[in-house]
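Presented below is the structure to which this report refers.
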Amino acid sequence: MKRLRIATAGGSGWSTLPGDLLEQISSRLSTDADRLHVRQVCAHWRACTSPLAALRPWIVARAGPLPTSGHPAYSAWLPRRLRQQRMVGVRAAPAGLPHCRGASRGWLALVDDIRSPTRLVLWDPVSGSEVPLPCLSRVTQVFLSGDPLGSPDWIAVASQRVSTLGTKLFFWRPGDAAWSSLFEQPTAGVPSVVFHGGRMFYMDLRQLIAAYDLNLGAPNRRPASAGMSYFGPKVDKLCRCERLVHLVREVLMVSCDGELLLVVLRVSSACSSFAEVYKLDWTPKGTPKIGERVTDLGEYSLFLGLSESFALSAKEFPAVRRNHIYCVNPYHKLSDWAFVFDLGSDTLKGIPYPEELRDDGAKWWPYYWLCLRSPLTKKQQN
């Protein structure tokens, strides 16, 4: 049996492909790694494909340290090198929407006013696509179960501040006239919402985890409660170091490579480890429970922020180092505005506050991680 002969990039076939066809093929590649590899094939391919403007993901910063701040400003930053962060230039945002209320699935949720908005829009910084949503007063975060342009069934979940610590969650499906309340009684803040395995999970500030079946594909059925569990005392006892006090900085959930994970961030001066990762398992009754500890994420790393937390593969995103936890620092007035924790070596490094923002009266603080829906090229940036 004869072996198939495959032409190399230097052969007469691949190196003479029409430039417009190469650009079309390149535009369909979803990972930064693939876009970089295409430009490395040969000089002809490199000349016919647009280079990347910036590797993903980015930090989205807002003016003012509190979610209720009225400063109409947000910006995206590359947290790449020590003291060499730079702002990312993207296309102009929709007019009249100066406030960002979250980043999810590569989209930014923008409003015209924080307390009483008349417009709430999902915006894709790469394509410029807009998806209008019904207005919701005092919305603090918007989470998406899927890509509005790529998922046949998707749902949006929004958190609404009703008091200093009280928060209510609402859901919306395409075609709904208004948001619907997920539960009637406010809960104590919701720092973490995750979509995993057809369910939505949220965690409040007391470490109460609740699960809801989304009932995707059934537009007339609302999300149904699938159980809840209170993790507060259990989280305090997870740390195995010899210190008597184990102060918890934050507890978040994230979906990674088919697993739902619980990430416990601790005050590094009070514990031997900055972060611990655990699997979330299930009891026979269907409620979540803390499972085994995870010390190796494989090729993945976690990105934790005030909006959507997510996992990225280092193979697909060259700017990412495998088996790391990247965490923004919006509430703590420290010299570092983000942290990078190596799960393998148990070491913590900081990403310093950008020098050019230190004297800015707007008081910029990092809030979200943003991984765009598709790579951003210099052609799209102009």
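For the structure tokens, the naming scheme is as follows: chains receive sequential letters (A, B, ...) according to their order of presentation, residues are indexed from 1 within each chain, and ligands are indexed from 1 in presentation order.
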Extract, using only C-alpha atoms, all DNA, RNA and protein residues at most 10 Å from segment 247-260 of chain A, discarding same-chain residues fewer than 3 positions from it, and format them as a short mmCIF file (atom, residue, chain, number, x, y, z; two decimals) with N, CA and C atoms, in the first residue's frame.
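Output below, filename part-v9.cif:
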```cif
data_model
loop_
_atom_site.label_atom_id
_atom_site.label_comp_id
_atom_site.auth_asym_id
_atom_site.auth_seq_id
_atom_site.Cartn_x
_atom_site.Cartn_y
_atom_site.Cartn_z
N VAL A 190 -23.10 37.51 46.06
CA VAL A 190 -22.85 36.37 45.18
C VAL A 190 -21.57 36.64 44.40
N PRO A 191 -20.41 36.25 44.93
CA PRO A 191 -19.16 36.49 44.22
C PRO A 191 -18.87 35.48 43.11
N SER A 192 -19.61 34.36 43.08
CA SER A 192 -19.25 33.30 42.15
C SER A 192 -20.50 32.65 41.55
N VAL A 193 -20.57 32.64 40.21
CA VAL A 193 -21.61 31.94 39.46
C VAL A 193 -20.92 31.11 38.38
N VAL A 194 -21.27 29.83 38.28
CA VAL A 194 -20.63 28.93 37.33
C VAL A 194 -21.70 28.11 36.63
N PHE A 195 -21.51 27.88 35.32
CA PHE A 195 -22.37 26.99 34.54
C PHE A 195 -21.56 25.73 34.24
N HIS A 196 -22.13 24.58 34.59
CA HIS A 196 -21.38 23.33 34.45
C HIS A 196 -22.36 22.17 34.35
N GLY A 197 -22.21 21.36 33.30
CA GLY A 197 -23.02 20.16 33.16
C GLY A 197 -24.51 20.40 33.12
N PHE A 201 -24.52 27.08 39.17
CA PHE A 201 -24.15 27.04 40.58
C PHE A 201 -23.80 28.46 41.02
N TYR A 202 -24.27 28.82 42.19
CA TYR A 202 -23.83 30.09 42.75
C TYR A 202 -23.37 29.88 44.18
N MET A 203 -22.46 30.74 44.62
CA MET A 203 -21.97 30.71 45.99
C MET A 203 -22.10 32.11 46.57
N ASP A 204 -22.63 32.22 47.79
CA ASP A 204 -22.73 33.53 48.41
C ASP A 204 -21.54 33.74 49.36
N LEU A 205 -21.52 34.86 50.03
CA LEU A 205 -20.38 35.21 50.87
C LEU A 205 -20.27 34.33 52.12
N ARG A 206 -21.32 33.58 52.43
CA ARG A 206 -21.27 32.66 53.58
C ARG A 206 -20.76 31.28 53.16
N GLN A 207 -20.39 31.14 51.88
CA GLN A 207 -19.98 29.86 51.29
C GLN A 207 -21.15 28.88 51.22
N ILE A 209 -23.42 27.05 48.74
CA ILE A 209 -23.45 26.70 47.32
C ILE A 209 -24.82 26.14 46.98
N PHE A 231 -20.90 25.53 53.17
CA PHE A 231 -19.51 25.11 53.25
C PHE A 231 -18.68 25.91 54.24
N GLY A 232 -19.26 26.93 54.87
CA GLY A 232 -18.48 27.84 55.70
C GLY A 232 -17.54 27.17 56.69
N VAL A 235 -14.73 24.94 55.01
CA VAL A 235 -13.64 25.64 54.34
C VAL A 235 -12.56 26.04 55.33
N ASP A 236 -12.97 26.47 56.52
CA ASP A 236 -11.99 26.90 57.53
C ASP A 236 -11.10 25.76 57.99
N CYS A 239 -7.40 23.74 55.47
CA CYS A 239 -5.95 23.97 55.49
C CYS A 239 -5.27 23.00 56.45
N LEU A 244 -2.31 28.04 63.72
CA LEU A 244 -3.59 27.94 64.42
C LEU A 244 -4.71 28.68 63.70
N VAL A 263 -12.08 26.76 44.72
CA VAL A 263 -10.77 27.37 44.95
C VAL A 263 -10.85 28.21 46.22
N VAL A 264 -9.99 27.91 47.18
CA VAL A 264 -9.92 28.64 48.44
C VAL A 264 -8.67 29.50 48.42
N LEU A 265 -8.86 30.81 48.44
CA LEU A 265 -7.74 31.75 48.50
C LEU A 265 -7.56 32.21 49.94
N ARG A 266 -6.35 32.11 50.43
CA ARG A 266 -6.09 32.43 51.84
C ARG A 266 -5.16 33.64 51.96
N VAL A 267 -5.18 34.25 53.13
CA VAL A 267 -4.24 35.32 53.43
C VAL A 267 -2.87 34.68 53.61
N SER A 268 -1.95 34.98 52.71
CA SER A 268 -0.67 34.26 52.68
C SER A 268 0.12 34.41 53.96
N SER A 269 -0.05 35.52 54.67
CA SER A 269 0.70 35.71 55.92
C SER A 269 0.16 34.84 57.05
N ALA A 270 -1.06 34.31 56.88
CA ALA A 270 -1.68 33.51 57.94
C ALA A 270 -1.67 32.02 57.63
N CYS A 271 -1.33 31.64 56.40
CA CYS A 271 -1.31 30.23 56.01
C CYS A 271 -0.06 29.97 55.17
N PHE A 274 -1.08 30.03 49.53
CA PHE A 274 -1.99 31.10 49.11
C PHE A 274 -3.31 30.55 48.59
N ALA A 275 -3.29 29.38 47.94
CA ALA A 275 -4.49 28.85 47.31
C ALA A 275 -4.53 27.33 47.41
N GLU A 276 -5.74 26.81 47.56
CA GLU A 276 -5.99 25.37 47.53
C GLU A 276 -7.15 25.11 46.58
N VAL A 277 -7.07 24.00 45.85
CA VAL A 277 -8.10 23.65 44.88
C VAL A 277 -8.67 22.28 45.23
N TYR A 278 -9.99 22.17 45.20
CA TYR A 278 -10.67 20.91 45.52
C TYR A 278 -11.73 20.63 44.47
N LYS A 279 -11.98 19.34 44.24
CA LYS A 279 -13.10 18.96 43.40
C LYS A 279 -14.39 19.08 44.19
N LEU A 280 -15.46 19.45 43.49
CA LEU A 280 -16.79 19.44 44.09
C LEU A 280 -17.50 18.17 43.64
N ASP A 281 -17.78 17.30 44.59
CA ASP A 281 -18.48 16.05 44.31
C ASP A 281 -19.94 16.18 44.76
N LEU A 297 -3.29 20.81 37.64
CA LEU A 297 -4.36 21.10 36.69
C LEU A 297 -4.02 20.65 35.28
N GLY A 298 -2.93 19.92 35.11
CA GLY A 298 -2.51 19.50 33.78
C GLY A 298 -2.05 20.70 32.96
N GLU A 299 -2.57 20.83 31.75
CA GLU A 299 -2.21 21.94 30.88
C GLU A 299 -3.02 23.19 31.16
N TYR A 300 -3.92 23.12 32.13
CA TYR A 300 -4.83 24.25 32.38
C TYR A 300 -4.34 25.16 33.49
N SER A 301 -4.86 26.38 33.48
CA SER A 301 -4.69 27.34 34.56
C SER A 301 -6.02 28.02 34.81
N LEU A 302 -6.19 28.57 36.01
CA LEU A 302 -7.45 29.18 36.42
C LEU A 302 -7.31 30.69 36.47
N PHE A 303 -8.37 31.38 36.08
CA PHE A 303 -8.42 32.84 36.11
C PHE A 303 -9.62 33.26 36.95
N LEU A 304 -9.34 33.91 38.07
CA LEU A 304 -10.36 34.22 39.06
C LEU A 304 -10.54 35.72 39.18
N GLY A 305 -11.81 36.17 39.09
CA GLY A 305 -12.10 37.59 39.20
C GLY A 305 -13.47 37.80 39.80
N LEU A 306 -13.95 39.05 39.76
CA LEU A 306 -15.24 39.37 40.35
C LEU A 306 -16.40 39.00 39.45
N GLU A 308 -16.97 36.41 35.76
CA GLU A 308 -16.78 35.01 35.40
C GLU A 308 -15.35 34.55 35.70
N SER A 309 -15.23 33.41 36.37
CA SER A 309 -13.94 32.73 36.53
C SER A 309 -13.90 31.60 35.51
N PHE A 310 -12.73 31.34 34.94
CA PHE A 310 -12.66 30.34 33.88
C PHE A 310 -11.29 29.68 33.87
N ALA A 311 -11.17 28.64 33.05
CA ALA A 311 -9.91 27.91 32.87
C ALA A 311 -9.48 28.01 31.41
N LEU A 312 -8.17 28.13 31.19
CA LEU A 312 -7.61 28.15 29.85
C LEU A 312 -6.47 27.15 29.75
N SER A 313 -6.30 26.59 28.54
CA SER A 313 -5.22 25.64 28.29
C SER A 313 -3.97 26.38 27.83
#
```
Using only C-alpha atoms, the best pick from A:Ser129, A:Leu136, A:Arg91, A:Glu356 as closest to Asp113 of chain A would be A:Leu136
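Comparing A:Pro174, A:Ala63, A:Thr31, A:Gln380 by their smallest distance to Asp360 of chain A, the closest is A:Ala63 (using only C-alpha atoms).
Between atom CA of Phe341 of chain A and atom CA of Cys327 of chain A lies a distance of 8.2 Å.
Take the candidates A:Val121, A:Leu165, A:Ile155, A:Cys135 and check each one against Ala218 of chain A using only C-alpha atoms; the shortest distance goes to A:Ile155.
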Filtered DSSP result for segment 168-291 of chain A, state strand (DSSP E), as number ranges by chain | A: 168-172, 180-181, 187-188, 192-196, 199-203, 208-213, 224-230, 248-256, 259-266, 275-282, 288-291
For those residues, write C-alpha atoms to a file as an mmCIF file, in the first residue's frame.
```cif
data_model
loop_
_atom_site.group_PDB
_atom_site.id
_atom_site.type_symbol
_atom_site.label_atom_id
_atom_site.label_comp_id
_atom_site.auth_asym_id
_atom_site.auth_seq_id
_atom_site.Cartn_x
_atom_site.Cartn_y
_atom_site.Cartn_z
ATOM 1 C CA LYS A 168 -30.737 38.763 44.382
ATOM 2 C CA LEU A 169 -30.199 36.715 41.228
ATOM 3 C CA PHE A 170 -32.296 37.012 38.071
ATOM 4 C CA PHE A 171 -32.318 34.967 34.870
ATOM 5 C CA TRP A 172 -33.231 35.799 31.287
ATOM 6 C CA SER A 180 -37.244 36.731 36.258
ATOM 7 C CA SER A 181 -36.209 36.318 39.883
ATOM 8 C CA THR A 187 -28.719 36.262 49.879
ATOM 9 C CA ALA A 188 -25.435 37.533 51.313
ATOM 10 C CA SER A 192 -19.252 33.296 42.148
ATOM 11 C CA VAL A 193 -21.608 31.938 39.457
ATOM 12 C CA VAL A 194 -20.628 28.927 37.329
ATOM 13 C CA PHE A 195 -22.368 26.991 34.543
ATOM 14 C CA HIS A 196 -21.381 23.335 34.454
ATOM 15 C CA ARG A 199 -26.584 23.386 35.779
ATOM 16 C CA MET A 200 -25.976 26.805 37.249
ATOM 17 C CA PHE A 201 -24.147 27.038 40.579
ATOM 18 C CA TYR A 202 -23.825 30.090 42.750
ATOM 19 C CA MET A 203 -21.968 30.713 45.986
ATOM 20 C CA LEU A 208 -23.497 28.557 50.668
ATOM 21 C CA ILE A 209 -23.450 26.704 47.324
ATOM 22 C CA ALA A 210 -26.753 26.243 45.491
ATOM 23 C CA ALA A 211 -27.354 24.306 42.268
ATOM 24 C CA TYR A 212 -30.087 24.856 39.668
ATOM 25 C CA ASP A 213 -31.025 22.757 36.650
ATOM 26 C CA ALA A 224 -35.230 24.360 39.105
ATOM 27 C CA SER A 225 -33.451 24.086 42.452
ATOM 28 C CA ALA A 226 -31.239 20.974 42.573
ATOM 29 C CA GLY A 227 -29.901 21.247 46.112
ATOM 30 C CA MET A 228 -27.638 23.352 48.276
ATOM 31 C CA SER A 229 -24.928 22.944 50.893
ATOM 32 C CA TYR A 230 -23.315 25.273 53.435
ATOM 33 C CA VAL A 248 -9.752 32.900 54.124
ATOM 34 C CA ARG A 249 -9.426 35.688 51.573
ATOM 35 C CA GLU A 250 -12.033 34.384 49.122
ATOM 36 C CA VAL A 251 -13.765 31.194 47.955
ATOM 37 C CA LEU A 252 -14.728 30.783 44.297
ATOM 38 C CA MET A 253 -15.933 28.099 41.899
ATOM 39 C CA VAL A 254 -14.677 27.414 38.393
ATOM 40 C CA SER A 255 -15.303 24.807 35.694
ATOM 41 C CA CYS A 256 -12.100 23.232 34.370
ATOM 42 C CA GLU A 259 -14.604 19.172 36.545
ATOM 43 C CA LEU A 260 -16.256 21.652 38.877
ATOM 44 C CA LEU A 261 -13.609 23.023 41.223
ATOM 45 C CA LEU A 262 -13.665 24.928 44.498
ATOM 46 C CA VAL A 263 -10.774 27.374 44.954
ATOM 47 C CA VAL A 264 -9.924 28.640 48.439
ATOM 48 C CA LEU A 265 -7.738 31.752 48.497
ATOM 49 C CA ARG A 266 -6.087 32.434 51.836
ATOM 50 C CA ALA A 275 -4.493 28.848 47.311
ATOM 51 C CA GLU A 276 -5.986 25.371 47.528
ATOM 52 C CA VAL A 277 -8.102 23.652 44.876
ATOM 53 C CA TYR A 278 -10.671 20.914 45.524
ATOM 54 C CA LYS A 279 -13.096 18.955 43.398
ATOM 55 C CA LEU A 280 -16.791 19.444 44.089
ATOM 56 C CA ASP A 281 -18.484 16.055 44.311
ATOM 57 C CA TRP A 282 -22.089 15.067 44.986
ATOM 58 C CA PRO A 288 -22.488 19.328 46.480
ATOM 59 C CA LYS A 289 -19.705 18.249 48.815
ATOM 60 C CA ILE A 290 -15.980 18.936 48.954
ATOM 61 C CA GLY A 291 -13.987 16.159 47.288
#
```
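Distance annotation: of A:Trp179, A:Tyr74, A:Trp154, A:Trp365, the residue with the minimal separation from Leu120 of chain A is A:Trp179; atom set is only C-alpha atoms.
Compared by their closest atoms to Asp32 of chain A, and using only C-alpha atoms, the residues A:Leu17, A:Val162, A:Arg138, A:Leu55 rank with A:Leu55 nearest.
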If you count only C-alpha atoms, the residue of A:Asn215, A:Ser163, A:Thr295, A:Asn329 closest to Asp342 of chain A turns out to be A:Thr295
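Note that the spacing between atom CA of Ala109 of chain A and atom CA of Trp123 of chain A amounts to 6.4 Å.
Note that the spacing between atom CA of Thr49 of chain A and atom CA of Leu22 of chain A amounts to 6.7 Å.
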For Ser137 of chain A, work out the shell of residues within 12 Å, counting only C-alpha atoms and skipping chain neighbours fewer than 5 positions away, then give it as a CSV table (one decimal) with C-alpha atoms, in the first residue's frame.
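So selection16.csv came out as:
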```csv
chain,number,residue,atom,x,y,z
A,101,ARG,CA,-21.0,45.3,34.8
A,111,VAL,CA,-24.9,50.0,31.1
A,112,ASP,CA,-25.6,53.7,30.7
A,113,ASP,CA,-26.2,54.2,34.4
A,114,ILE,CA,-25.3,52.2,37.5
A,115,ARG,CA,-28.3,52.7,39.7
A,116,SER,CA,-31.1,53.1,37.2
A,117,PRO,CA,-30.0,52.0,33.7
A,118,THR,CA,-32.1,52.5,30.7
A,119,ARG,CA,-29.9,50.4,28.5
A,120,LEU,CA,-28.1,47.1,29.2
A,158,ALA,CA,-27.6,38.8,36.6
A,159,SER,CA,-26.9,39.8,40.2
A,160,GLN,CA,-28.7,42.8,41.7
A,161,ARG,CA,-27.6,44.7,44.8
A,162,VAL,CA,-30.6,45.2,47.1
A,168,LYS,CA,-30.7,38.8,44.4
A,170,PHE,CA,-32.3,37.0,38.1
A,178,ALA,CA,-38.0,40.9,31.3
A,179,TRP,CA,-35.7,39.3,33.9
```
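Secondary structure by DSSP on the backbone puts the following residues of segment 200-283 of chain A in helix (DSSP H, G or I): Gly232, Pro233, Lys234, Val235 and Asp236 of chain A.
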